[in-house]
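J.: This is the content of structure20.pdb (PDB, C-alpha atoms and all ligand atoms):
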```
ATOM      1  CA  MET Y   1      19.130 124.242 -76.316
ATOM      2  CA  THR Y   2      22.848 124.938 -76.384
ATOM      3  CA  SER Y   3      23.942 126.482 -79.644
ATOM      4  CA  PRO Y   4      26.510 124.361 -81.497
ATOM      5  CA  ILE Y   5      30.208 124.965 -80.964
ATOM      6  CA  TYR Y   6      31.737 124.040 -84.283
ATOM      7  CA  VAL Y   7      35.219 122.565 -84.041
ATOM      8  CA  ALA Y   8      37.010 121.536 -87.214
ATOM      9  CA  TYR Y   9      38.274 117.961 -87.096
ATOM     10  CA  HIS Y  10      40.796 116.165 -89.245
ATOM     11  CA  SER Y  11      42.718 112.981 -88.551
ATOM     12  CA  VAL Y  12      44.316 110.355 -90.729
ATOM     13  CA  ASP Y  13      43.747 107.735 -88.015
ATOM     14  CA  HIS Y  14      40.184 107.926 -86.725
ATOM     15  CA  ASP Y  15      36.766 108.890 -87.978
ATOM     16  CA  ILE Y  16      34.944 111.835 -86.509
ATOM     17  CA  SER Y  17      32.849 109.862 -83.968
ATOM     18  CA  PHE Y  18      36.031 108.787 -82.117
ATOM     19  CA  TRP Y  19      36.507 112.327 -80.759
ATOM     20  CA  GLN Y  20      32.898 113.560 -81.051
ATOM     21  CA  ASP Y  21      31.747 110.877 -78.565
ATOM     22  CA  ALA Y  22      34.596 111.632 -76.147
ATOM     23  CA  LEU Y  23      34.163 115.416 -76.189
ATOM     24  CA  ALA Y  24      30.347 115.675 -76.228
ATOM     25  CA  PRO Y  25      29.882 114.995 -72.486
ATOM     26  CA  LEU Y  26      32.710 117.411 -71.611
ATOM     27  CA  LEU Y  27      31.737 120.333 -73.795
ATOM     28  CA  PRO Y  28      27.969 120.596 -74.307
ATOM     29  CA  GLY Y  29      27.110 121.724 -77.814
ATOM     30  CA  ILE Y  30      30.425 120.684 -79.364
ATOM     31  CA  THR Y  31      29.932 119.594 -82.959
ATOM     32  CA  LEU Y  32      32.941 118.307 -84.818
ATOM     33  CA  VAL Y  33      32.838 119.110 -88.505
ATOM     34  CA  THR Y  34      35.164 118.146 -91.328
ATOM     35  CA  PRO Y  35      37.123 121.027 -92.901
ATOM     36  CA  ASP Y  36      35.243 120.754 -96.205
ATOM     37  CA  THR Y  37      31.873 121.734 -94.654
ATOM     38  CA  PRO Y  38      30.463 125.309 -94.484
ATOM     39  CA  GLU Y  39      30.289 125.002 -90.659
ATOM     40  CA  ALA Y  40      34.060 124.523 -90.541
ATOM     41  CA  GLN Y  41      34.423 128.120 -91.744
ATOM     42  CA  GLU Y  42      32.737 129.166 -88.469
ATOM     43  CA  ALA Y  43      35.030 127.003 -86.337
ATOM     44  CA  GLU Y  44      37.351 128.855 -83.961
ATOM     45  CA  VAL Y  45      39.387 125.757 -83.163
ATOM     46  CA  MET Y  46      40.716 122.827 -85.141
ATOM     47  CA  ILE Y  47      41.709 119.517 -83.539
ATOM     48  CA  THR Y  48      43.890 117.412 -85.777
ATOM     49  CA  TRP Y  49      46.406 114.691 -86.516
ATOM     50  CA  ASN Y  50      48.476 115.214 -89.677
ATOM     51  CA  PRO Y  51      46.433 117.796 -91.600
ATOM     52  CA  PRO Y  52      47.336 118.296 -95.270
ATOM     53  CA  GLU Y  53      49.251 121.460 -96.141
ATOM     54  CA  GLY Y  54      46.904 124.436 -96.502
ATOM     55  CA  MET Y  55      44.006 122.959 -94.527
ATOM     56  CA  ILE Y  56      44.622 125.030 -91.385
ATOM     57  CA  ALA Y  57      45.255 128.257 -93.314
ATOM     58  CA  GLY Y  58      42.043 127.628 -95.274
ATOM     59  CA  LEU Y  59      39.876 127.898 -92.137
ATOM     60  CA  LYS Y  60      39.552 131.647 -91.815
ATOM     61  CA  ASN Y  61      37.813 131.877 -88.439
ATOM     62  CA  LEU Y  62      40.358 129.787 -86.512
ATOM     63  CA  LYS Y  63      41.909 131.141 -83.324
ATOM     64  CA  GLY Y  64      43.916 128.032 -82.600
ATOM     65  CA  VAL Y  65      44.769 124.396 -83.148
ATOM     66  CA  VAL Y  66      45.000 121.421 -80.807
ATOM     67  CA  SER Y  67      47.350 118.549 -81.741
ATOM     68  CA  LEU Y  68      45.711 115.201 -81.049
ATOM     69  CA  ALA Y  69      49.165 113.864 -80.210
ATOM     70  CA  GLN Y  70      52.112 114.637 -78.019
ATOM     71  CA  GLY Y  71      54.253 115.505 -81.024
ATOM     72  CA  VAL Y  72      53.510 118.501 -83.238
ATOM     73  CA  ASP Y  73      55.715 117.844 -86.271
ATOM     74  CA  HIS Y  74      52.642 116.471 -88.091
ATOM     75  CA  VAL Y  75      51.206 120.003 -88.001
ATOM     76  CA  LEU Y  76      54.365 122.098 -88.400
ATOM     77  CA  ASN Y  77      57.019 120.336 -90.438
ATOM     78  CA  GLY Y  78      57.029 121.371 -94.066
ATOM     79  CA  LYS Y  79      53.622 123.002 -93.575
ATOM     80  CA  THR Y  80      52.383 126.565 -93.176
ATOM     81  CA  PHE Y  81      51.222 127.451 -89.672
ATOM     82  CA  PRO Y  82      49.563 130.902 -89.542
ATOM     83  CA  THR Y  83      51.451 132.905 -86.925
ATOM     84  CA  HIS Y  84      48.359 134.386 -85.250
ATOM     85  CA  LEU Y  85      47.060 130.961 -84.152
ATOM     86  CA  LYS Y  86      47.443 129.506 -80.687
ATOM     87  CA  PHE Y  87      48.654 125.902 -80.621
ATOM     88  CA  ALA Y  88      48.354 123.284 -77.866
ATOM     89  CA  ARG Y  89      49.652 119.734 -77.722
ATOM     90  CA  LEU Y  90      48.734 116.772 -75.540
ATOM     91  CA  ILE Y  91      50.666 116.029 -72.399
ATOM     92  CA  ASP Y  92      48.746 113.100 -70.993
ATOM     93  CA  PRO Y  93      50.171 111.311 -67.941
ATOM     94  CA  TYR Y  94      48.526 108.074 -69.117
ATOM     95  CA  MET Y  95      50.307 108.350 -72.461
ATOM     96  CA  SER Y  96      53.614 108.939 -70.673
ATOM     97  CA  GLU Y  97      52.966 105.827 -68.581
ATOM     98  CA  ALA Y  98      52.062 103.885 -71.721
ATOM     99  CA  MET Y  99      55.360 104.982 -73.265
ATOM    100  CA  ALA Y 100      57.214 103.946 -70.104
ATOM    101  CA  GLU Y 101      55.552 100.495 -70.284
ATOM    102  CA  TRP Y 102      56.564 100.070 -73.912
ATOM    103  CA  VAL Y 103      60.137 101.149 -73.218
ATOM    104  CA  MET Y 104      60.370  98.715 -70.247
ATOM    105  CA  LEU Y 105      59.098  95.936 -72.497
ATOM    106  CA  THR Y 106      61.536  96.630 -75.305
ATOM    107  CA  VAL Y 107      64.538  97.344 -73.037
ATOM    108  CA  LEU Y 108      63.882  94.135 -71.126
ATOM    109  CA  GLU Y 109      63.692  92.190 -74.387
ATOM    110  CA  TYR Y 110      67.327  93.124 -74.996
ATOM    111  CA  HIS Y 111      68.405  92.824 -71.384
ATOM    112  CA  ARG Y 112      66.885  89.325 -71.072
ATOM    113  CA  ASP Y 113      67.758  88.132 -74.618
ATOM    114  CA  ALA Y 114      64.087  87.589 -75.441
ATOM    115  CA  MET Y 115      64.699  87.470 -79.204
ATOM    116  CA  ALA Y 116      67.395  84.777 -78.858
ATOM    117  CA  TYR Y 117      65.224  82.651 -76.552
ATOM    118  CA  ARG Y 118      62.177  82.901 -78.847
ATOM    119  CA  ALA Y 119      64.329  81.887 -81.821
ATOM    120  CA  ALA Y 120      65.745  78.969 -79.783
ATOM    121  CA  GLU Y 121      62.211  77.896 -78.875
ATOM    122  CA  LYS Y 122      61.346  77.695 -82.576
ATOM    123  CA  ARG Y 123      64.356  75.365 -83.037
ATOM    124  CA  HIS Y 124      63.367  73.332 -79.909
ATOM    125  CA  ASP Y 125      66.774  74.314 -78.546
ATOM    126  CA  TRP Y 126      67.226  74.463 -74.723
ATOM    127  CA  ILE Y 127      69.962  77.113 -74.611
ATOM    128  CA  ARG Y 128      71.106  79.240 -71.690
ATOM    129  CA  LEU Y 129      72.825  82.546 -72.273
ATOM    130  CA  ALA Y 130      74.908  84.333 -69.657
ATOM    131  CA  PRO Y 131      72.749  86.627 -67.501
ATOM    132  CA  ARG Y 132      73.348  90.381 -67.346
ATOM    133  CA  ILE Y 133      73.131  92.669 -64.342
ATOM    134  CA  ALA Y 134      70.816  95.671 -64.657
ATOM    135  CA  GLY Y 135      73.084  97.934 -62.609
ATOM    136  CA  ARG Y 136      75.907  97.313 -65.068
ATOM    137  CA  THR Y 137      73.717  98.028 -68.065
ATOM    138  CA  THR Y 138      73.530 101.643 -69.166
ATOM    139  CA  VAL Y 139      70.261 102.745 -70.712
ATOM    140  CA  ALA Y 140      70.304 106.205 -72.289
ATOM    141  CA  VAL Y 141      67.022 108.046 -72.745
ATOM    142  CA  MET Y 142      67.343 110.662 -75.457
ATOM    143  CA  GLY Y 143      64.711 113.312 -74.756
ATOM    144  CA  LEU Y 144      63.917 114.097 -71.110
ATOM    145  CA  GLY Y 145      60.773 116.198 -71.496
ATOM    146  CA  ALA Y 146      57.280 115.416 -70.225
ATOM    147  CA  ILE Y 147      57.420 111.831 -71.524
ATOM    148  CA  GLY Y 148      61.146 111.088 -71.363
ATOM    149  CA  SER Y 149      61.426 112.062 -67.709
ATOM    150  CA  VAL Y 150      58.719 109.503 -66.822
ATOM    151  CA  VAL Y 151      60.460 106.866 -68.941
ATOM    152  CA  ALA Y 152      63.873 107.542 -67.383
ATOM    153  CA  GLU Y 153      62.511 107.553 -63.852
ATOM    154  CA  THR Y 154      60.627 104.278 -64.451
ATOM    155  CA  LEU Y 155      63.836 102.647 -65.736
ATOM    156  CA  THR Y 156      65.600 103.520 -62.479
ATOM    157  CA  HIS Y 157      63.105 101.286 -60.637
ATOM    158  CA  LEU Y 158      64.490  98.314 -62.568
ATOM    159  CA  LYS Y 159      67.950  99.317 -61.264
ATOM    160  CA  PHE Y 160      69.458 100.086 -64.669
ATOM    161  CA  ASN Y 161      72.209 102.658 -64.842
ATOM    162  CA  VAL Y 162      70.053 105.364 -66.416
ATOM    163  CA  ILE Y 163      71.508 108.342 -68.228
ATOM    164  CA  GLY Y 164      69.724 110.776 -70.506
ATOM    165  CA  TRP Y 165      70.026 113.688 -72.862
ATOM    166  CA  SER Y 166      67.912 116.734 -73.523
ATOM    167  CA  ARG Y 167      68.492 120.029 -75.293
ATOM    168  CA  SER Y 168      68.313 122.006 -72.053
ATOM    169  CA  GLU Y 169      69.599 120.868 -68.662
ATOM    170  CA  LYS Y 170      67.227 118.609 -66.673
ATOM    171  CA  SER Y 171      67.394 117.109 -63.226
ATOM    172  CA  ILE Y 172      65.688 113.752 -62.616
ATOM    173  CA  PRO Y 173      66.400 111.778 -59.436
ATOM    174  CA  GLY Y 174      68.645 108.780 -60.122
ATOM    175  CA  VAL Y 175      69.319 109.803 -63.718
ATOM    176  CA  LYS Y 176      72.626 111.240 -64.894
ATOM    177  CA  SER Y 177      71.532 113.856 -67.398
ATOM    178  CA  PHE Y 178      73.513 115.394 -70.198
ATOM    179  CA  HIS Y 179      72.721 118.252 -72.541
ATOM    180  CA  GLY Y 180      74.235 120.050 -75.502
ATOM    181  CA  ASP Y 181      76.189 118.489 -78.391
ATOM    182  CA  GLY Y 182      78.912 117.074 -76.145
ATOM    183  CA  GLY Y 183      76.296 115.490 -73.896
ATOM    184  CA  PHE Y 184      74.635 113.851 -76.890
ATOM    185  CA  LYS Y 185      77.909 112.163 -77.819
ATOM    186  CA  SER Y 186      78.549 111.079 -74.212
ATOM    187  CA  CYS Y 187      75.209 109.261 -74.230
ATOM    188  CA  LEU Y 188      75.962 107.615 -77.580
ATOM    189  CA  ASN Y 189      79.362 106.488 -76.252
ATOM    190  CA  GLN Y 190      78.032 105.039 -72.987
ATOM    191  CA  ALA Y 191      74.694 103.431 -73.844
ATOM    192  CA  ASP Y 192      74.290  99.659 -73.942
ATOM    193  CA  ILE Y 193      70.691 100.362 -74.896
ATOM    194  CA  LEU Y 194      69.772 103.721 -76.408
ATOM    195  CA  VAL Y 195      66.119 104.765 -76.257
ATOM    196  CA  SER Y 196      65.105 107.806 -78.289
ATOM    197  CA  ILE Y 197      61.900 109.742 -77.758
ATOM    198  CA  LEU Y 198      63.052 113.062 -79.137
ATOM    199  CA  PRO Y 199      60.654 115.449 -80.881
ATOM    200  CA  LEU Y 200      61.231 115.883 -84.607
ATOM    201  CA  THR Y 201      62.709 119.317 -85.327
ATOM    202  CA  ALA Y 202      65.203 120.668 -87.858
ATOM    203  CA  ALA Y 203      67.931 119.831 -85.317
ATOM    204  CA  THR Y 204      66.879 116.201 -84.814
ATOM    205  CA  ALA Y 205      66.037 115.214 -88.425
ATOM    206  CA  ASN Y 206      68.469 112.455 -89.540
ATOM    207  CA  ILE Y 207      70.299 112.685 -86.212
ATOM    208  CA  TYR Y 208      70.719 108.903 -86.070
ATOM    209  CA  ASN Y 209      73.076 108.452 -89.009
ATOM    210  CA  ALA Y 210      76.204 106.450 -89.855
ATOM    211  CA  GLN Y 211      78.461 108.854 -87.981
ATOM    212  CA  HIS Y 212      76.390 108.720 -84.798
ATOM    213  CA  PHE Y 213      75.815 104.959 -84.985
ATOM    214  CA  ALA Y 214      79.612 104.580 -85.212
ATOM    215  CA  GLU Y 215      79.904 106.547 -81.933
ATOM    216  CA  MET Y 216      77.717 103.987 -80.182
ATOM    217  CA  LYS Y 217      79.215 101.073 -78.252
ATOM    218  CA  GLN Y 218      79.924  97.843 -80.084
ATOM    219  CA  GLY Y 219      76.882  95.598 -79.534
ATOM    220  CA  ALA Y 220      74.531  98.368 -78.369
ATOM    221  CA  ALA Y 221      70.810  98.207 -79.151
ATOM    222  CA  PHE Y 222      68.804 101.098 -80.612
ATOM    223  CA  ILE Y 223      65.171 101.715 -79.659
ATOM    224  CA  ASN Y 224      63.182 104.508 -81.314
ATOM    225  CA  ALA Y 225      59.754 105.770 -80.287
ATOM    226  CA  GLY Y 226      60.401 109.402 -81.302
ATOM    227  CA  ARG Y 227      59.974 109.930 -85.020
ATOM    228  CA  GLY Y 228      61.143 107.875 -87.980
ATOM    229  CA  LYS Y 229      62.603 110.855 -89.817
ATOM    230  CA  GLN Y 230      65.292 111.117 -87.137
ATOM    231  CA  VAL Y 231      66.834 107.905 -88.489
ATOM    232  CA  VAL Y 232      68.761 107.402 -91.717
ATOM    233  CA  GLU Y 233      67.233 103.978 -92.224
ATOM    234  CA  ASP Y 234      69.880 102.592 -94.608
ATOM    235  CA  ASP Y 235      72.609 103.652 -92.154
ATOM    236  CA  LEU Y 236      70.816 101.792 -89.363
ATOM    237  CA  ILE Y 237      70.562  98.604 -91.433
ATOM    238  CA  ALA Y 238      74.263  98.930 -92.325
ATOM    239  CA  ALA Y 239      75.283  99.442 -88.670
ATOM    240  CA  ILE Y 240      73.390  96.286 -87.707
ATOM    241  CA  ASP Y 241      74.534  94.232 -90.703
ATOM    242  CA  ASN Y 242      78.198  95.071 -90.128
ATOM    243  CA  GLY Y 243      77.812  93.847 -86.540
ATOM    244  CA  HIS Y 244      78.381  97.185 -84.809
ATOM    245  CA  LEU Y 245      74.866  97.379 -83.345
ATOM    246  CA  SER Y 246      73.128  94.282 -82.004
ATOM    247  CA  GLY Y 247      69.673  95.277 -83.231
ATOM    248  CA  ALA Y 248      66.883  97.825 -83.240
ATOM    249  CA  THR Y 249      63.304  98.093 -82.081
ATOM    250  CA  LEU Y 250      61.370 100.755 -83.938
ATOM    251  CA  ASP Y 251      57.893 102.129 -83.304
ATOM    252  CA  VAL Y 252      58.254 104.935 -85.855
ATOM    253  CA  MET Y 253      59.420 104.931 -89.459
ATOM    254  CA  VAL Y 254      60.337 107.446 -92.148
ATOM    255  CA  THR Y 255      57.228 106.344 -94.064
ATOM    256  CA  GLU Y 256      54.171 105.137 -92.150
ATOM    257  CA  PRO Y 257      52.615 102.702 -92.655
ATOM    258  CA  LEU Y 258      55.927 100.971 -93.369
ATOM    259  CA  PRO Y 259      55.939 100.114 -97.108
ATOM    260  CA  GLN Y 260      55.363  96.430 -97.879
ATOM    261  CA  ASP Y 261      58.769  95.974 -99.498
ATOM    262  CA  HIS Y 262      60.766  97.781 -96.783
ATOM    263  CA  GLY Y 263      63.913  96.028 -95.538
ATOM    264  CA  PHE Y 264      62.892  96.414 -91.864
ATOM    265  CA  TRP Y 265      59.994  93.916 -92.059
ATOM    266  CA  ASP Y 266      62.023  90.745 -92.512
ATOM    267  CA  HIS Y 267      65.261  91.870 -90.910
ATOM    268  CA  PRO Y 268      66.076  89.311 -88.190
ATOM    269  CA  LYS Y 269      67.555  91.965 -85.889
ATOM    270  CA  ILE Y 270      64.952  94.684 -86.341
ATOM    271  CA  ASN Y 271      61.649  94.605 -84.477
ATOM    272  CA  VAL Y 272      58.885  96.637 -86.104
ATOM    273  CA  TRP Y 273      55.999  98.176 -84.154
ATOM    274  CA  PRO Y 274      53.190 100.110 -85.908
ATOM    275  CA  HIS Y 275      53.459 103.443 -84.003
ATOM    276  CA  VAL Y 276      51.570 102.225 -80.941
ATOM    277  CA  SER Y 277      53.986 102.844 -78.061
ATOM    278  CA  ALA Y 278      51.787 105.621 -76.618
ATOM    279  CA  GLN Y 279      48.561 105.939 -78.527
ATOM    280  CA  THR Y 280      46.304 108.941 -78.070
ATOM    281  CA  ASN Y 281      43.390 107.974 -75.889
ATOM    282  CA  PRO Y 282      40.277 110.205 -75.897
ATOM    283  CA  GLU Y 283      39.241 108.673 -72.589
ATOM    284  CA  THR Y 284      42.323 110.004 -70.798
ATOM    285  CA  SER Y 285      43.039 113.127 -72.833
ATOM    286  CA  GLY Y 286      39.474 114.300 -73.583
ATOM    287  CA  GLN Y 287      39.425 116.643 -70.610
ATOM    288  CA  GLN Y 288      42.552 118.538 -71.715
ATOM    289  CA  VAL Y 289      41.397 118.738 -75.326
ATOM    290  CA  ALA Y 290      38.048 120.164 -74.146
ATOM    291  CA  LYS Y 291      39.847 122.676 -71.911
ATOM    292  CA  ALA Y 292      42.231 123.717 -74.696
ATOM    293  CA  ILE Y 293      39.240 124.267 -77.026
ATOM    294  CA  THR Y 294      37.532 126.456 -74.412
ATOM    295  CA  ASP Y 295      40.713 128.397 -73.593
ATOM    296  CA  ILE Y 296      41.399 129.116 -77.255
ATOM    297  CA  ARG Y 297      37.786 130.146 -77.963
ATOM    298  CA  GLU Y 298      37.860 132.498 -74.968
ATOM    299  CA  GLY Y 299      41.187 134.051 -75.966
ATOM    300  CA  ARG Y 300      43.376 132.432 -73.319
ATOM    301  CA  THR Y 301      46.689 130.723 -74.007
ATOM    302  CA  PRO Y 302      45.979 127.003 -73.630
ATOM    303  CA  ASP Y 303      47.987 124.707 -71.338
ATOM    304  CA  ASN Y 304      50.848 122.840 -73.018
ATOM    305  CA  SER Y 305      51.279 125.576 -75.580
ATOM    306  CA  VAL Y 306      53.694 124.816 -78.393
ATOM    307  CA  ASN Y 307      56.598 127.083 -79.189
ATOM    308  CA  VAL Y 308      56.140 127.087 -82.971
ATOM    309  CA  THR Y 309      59.640 128.440 -83.687
ATOM    310  CA  ARG Y 310      61.315 125.845 -81.473
ATOM    311  CA  GLY Y 311      59.082 123.132 -82.931
ATOM    312  CA  TYR Y 312      57.855 121.430 -79.734
TER     313      TYR Y 312
HETATM  314  C1  LIG N 401      52.504 110.095 -81.165
HETATM  315  O1  LIG N 401      53.360 109.797 -81.913
HETATM  316  C2  LIG N 401      52.393 111.360 -80.505
HETATM  317  O2  LIG N 401      53.048 112.314 -80.942
HETATM  318  O3  LIG N 401      51.640 111.430 -79.536
END
```
So that I can check it, write out the structure of this file as structure tokens.
T.:
Amino acid sequence: MTSPIYVAYHSVDHDISFWQDALAPLLPGITLVTPDTPEAQEAEVMITWNPPEGMIAGLKNLKGVVSLAQGVDHVLNGKTFPTHLKFARLIDPYMSEAMAEWVMLTVLEYHRDAMAYRAAEKRHDWIRLAPRIAGRTTVAVMGLGAIGSVVAETLTHLKFNVIGWSRSEKSIPGVKSFHGDGGFKSCLNQADILVSILPLTAATANIYNAQHFAEMKQGAAFINAGRGKQVVEDDLIAAIDNGHLSGATLDVMVTEPLPQDHGFWDHPKINVWPHVSAQTNPETSGQQVAKAITDIREGRTPDNSVNVTRGY
């Protein structure tokens, strides 16, 4: 008999069996427990998506936390994170590929006028719009980390003119990369289609606002799969309604689920997705979660460790 390894579990998305079933074959003895149980006080690791403030600090035996997502703002932003804890996030190649698929889909919708053709179909209208050439269409990928670099590289295969921005300098074959404040503006100025997958930090909160939308090209499209709180939503609606931007496709919102009465739902030029561009998949990320749990329990720094001060 293996003695139980208690791991505290909290998620707003899935019940406990979702991860228990995925981790059990990988880590014999693992027993996920909810933070309100006595066993959770024995847990050395917590795996979580969007824990309420105080939950992590309330588990006194913890040595570390594993984010059940690529982003970590759901654990850090506006919440206390005890400084002695180790913290790992997911970097799952399958999730990066899923994100690249979603970005191809949404970029191609703009490039090939999918929305206009679907609307014409509803009117039984056989219209033909002028074609565009991928090589003359600039797609900017904002955020060139583990996910963004895969997205940018995948876009080059469709022959787009791909540029990108990240906080620190990056080099990706076929992608003209920019960094720093000046580089951010250059991307805004040049993009026909701007795709953002930035992490949410103090520096990126509300970064897509009236001033920055005004710096974008007339007729540009805005695609966001980073975090909703990076967008001043009323400013985005205004930039589309005054004709400066052609439209937006959003996978993330300031408030999720998107409130029933929110202006995005029925806006003819805004496409809403329910935060599914790159969903966490226990089948593909179970191995790294199991390894991070073991590393933390045994006192090692886990792979894909988060810099808590930097916020990603
Ligand atoms: C999803 O939003 C993630 O952070 O993985």
J.: Please write out the residues within 7 Å of ligand LIG 401 (chain N) as a CSV table (one decimal) with C-alpha atoms, keeping the file's coordinate frame, counting only C-alpha atoms and all ligand atoms.
T.:
```
chain,number,residue,atom,x,y,z
Y,69,ALA,CA,49.2,113.9,-80.2
Y,70,GLN,CA,52.1,114.6,-78.0
Y,71,GLY,CA,54.3,115.5,-81.0
Y,72,VAL,CA,53.5,118.5,-83.2
Y,275,HIS,CA,53.5,103.4,-84.0
Y,278,ALA,CA,51.8,105.6,-76.6
Y,279,GLN,CA,48.6,105.9,-78.5
Y,280,THR,CA,46.3,108.9,-78.1
```
J.: Excluding Y:Gln287 and residues on its chain fewer than 2 positions from it, collect all residues at most 10 Å away from it, counting all atoms listed in the file, and give them as a PyMOL selection string.
T.: chain Y and resi 22-23+25-27+92+282-285+289-293
J.: Decode the PyMOL selection byres (((chain Y and resi 139-147) around 9) and not hetatm) for the given file into explicit residues and return them as a PyMOL selection string.
T.: chain Y and resi 70+91-93+95-97+99-100+107+137-138+148-152+155+160-167+170+172+177+184+187-188+190-199+226
J.: List as a ChimeraX atom specification: which residues have an atom within 10 Å of (40.9, 127.0, -74.5), counting only C-alpha atoms?
T.: /Y:45,63-66,86-88,288-303
J.: Write the residues of the preceding selection, restricted to C-alpha atoms, as a short mmCIF file (atom, residue, chain, number, x, y, z; two decimals), in the frame of the given file.
T.:
```cif
data_model
loop_
_atom_site.label_atom_id
_atom_site.label_comp_id
_atom_site.auth_asym_id
_atom_site.auth_seq_id
_atom_site.Cartn_x
_atom_site.Cartn_y
_atom_site.Cartn_z
CA VAL Y 45 39.39 125.76 -83.16
CA LYS Y 63 41.91 131.14 -83.32
CA GLY Y 64 43.92 128.03 -82.60
CA VAL Y 65 44.77 124.40 -83.15
CA VAL Y 66 45.00 121.42 -80.81
CA LYS Y 86 47.44 129.51 -80.69
CA PHE Y 87 48.65 125.90 -80.62
CA ALA Y 88 48.35 123.28 -77.87
CA GLN Y 288 42.55 118.54 -71.72
CA VAL Y 289 41.40 118.74 -75.33
CA ALA Y 290 38.05 120.16 -74.15
CA LYS Y 291 39.85 122.68 -71.91
CA ALA Y 292 42.23 123.72 -74.70
CA ILE Y 293 39.24 124.27 -77.03
CA THR Y 294 37.53 126.46 -74.41
CA ASP Y 295 40.71 128.40 -73.59
CA ILE Y 296 41.40 129.12 -77.26
CA ARG Y 297 37.79 130.15 -77.96
CA GLU Y 298 37.86 132.50 -74.97
CA GLY Y 299 41.19 134.05 -75.97
CA ARG Y 300 43.38 132.43 -73.32
CA THR Y 301 46.69 130.72 -74.01
CA PRO Y 302 45.98 127.00 -73.63
CA ASP Y 303 47.99 124.71 -71.34
#
```
J.: Record the distance separating atom CA of Y:Thr31 and atom CA of Y:Ile47, expressed in Å with one decimal.
T.: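 These two atoms are separated by 11.8 Å.
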J.: Report, in Å to a single decimal, how far apart atom CA of Y:Trp49 and atom CA of Y:Asn281 are.
T.: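 It comes out at 12.9 Å.
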J.: Which residue gives the smallest distance to Y:Ala205 among Y:Val254, Y:Ile270, Y:Val103, Y:Ala239, with all atoms listed in the file counted?
T.: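 Distance minimum relative to Y:Ala205 lands on Y:Val254.
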J.: Would you compute the distance between atom CA of Y:Ile30 and atom CA of Y:Pro52? Give it in Å to one decimal.
T.: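 Separating atom CA of Y:Ile30 from atom CA of Y:Pro52 is a distance of 23.3 Å.
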J.: Within 12 Å of (59.3, 97.2, -95.1), all atoms listed in the file: residues as a compact mmCIF listing (two decimals) with C-alpha atoms, in the frame of the given file?
T.:
```txt
# COMPACT_ATOMS: atom_id res chain seq x y z
CA GLU Y 233 67.23 103.98 -92.22
CA ASP Y 234 69.88 102.59 -94.61
CA ILE Y 237 70.56 98.60 -91.43
CA LEU Y 250 61.37 100.76 -83.94
CA MET Y 253 59.42 104.93 -89.46
CA VAL Y 254 60.34 107.45 -92.15
CA THR Y 255 57.23 106.34 -94.06
CA GLU Y 256 54.17 105.14 -92.15
CA PRO Y 257 52.62 102.70 -92.66
CA LEU Y 258 55.93 100.97 -93.37
CA PRO Y 259 55.94 100.11 -97.11
CA GLN Y 260 55.36 96.43 -97.88
CA ASP Y 261 58.77 95.97 -99.50
CA HIS Y 262 60.77 97.78 -96.78
CA GLY Y 263 63.91 96.03 -95.54
CA PHE Y 264 62.89 96.41 -91.86
CA TRP Y 265 59.99 93.92 -92.06
CA ASP Y 266 62.02 90.74 -92.51
CA HIS Y 267 65.26 91.87 -90.91
CA ILE Y 270 64.95 94.68 -86.34
CA ASN Y 271 61.65 94.60 -84.48
CA VAL Y 272 58.88 96.64 -86.10
CA TRP Y 273 56.00 98.18 -84.15
CA PRO Y 274 53.19 100.11 -85.91
```
J.: Return as AutoDock Vina command-line options the box centre and box size in Å, one decimal, for an axis-aligned box around all listed atoms of stretch 142-154 of chain Y padded by 6 Å per side.
T.:
```
--center_x 62.3 --center_y 110.2 --center_z -69.7 --size_x 22.1 --size_y 23.9 --size_z 23.6
```
J.: Taking the file as I've supplied it (selection: the PyMOL selection byres (((chain Y and resi 213) around 10) and not hetatm)), which residues are included? Please answer as a list in words.
T.: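 Selection result, ordered by chain and number: Leu188, Asn189, Ile207, Tyr208, Asn209, Ala210, Gln211, His212, Ala214, Glu215, Met216, Lys217, Gln218, Ala220, Phe222, Asp235, Leu236, Ala238, Ala239, Ile240, His244 and Leu245 of chain Y.
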J.: Run the PyMOL selection byres (((chain Y and resi 75-78) around 12) and not hetatm) mentally over the shown coordinates, then write out the matched residues as a PyMOL selection string, using the chain letters and numbers from the document.
T.: chain Y and resi 10-11+46-57+65-74+79-83+87-89+199-202+205+229+306-312
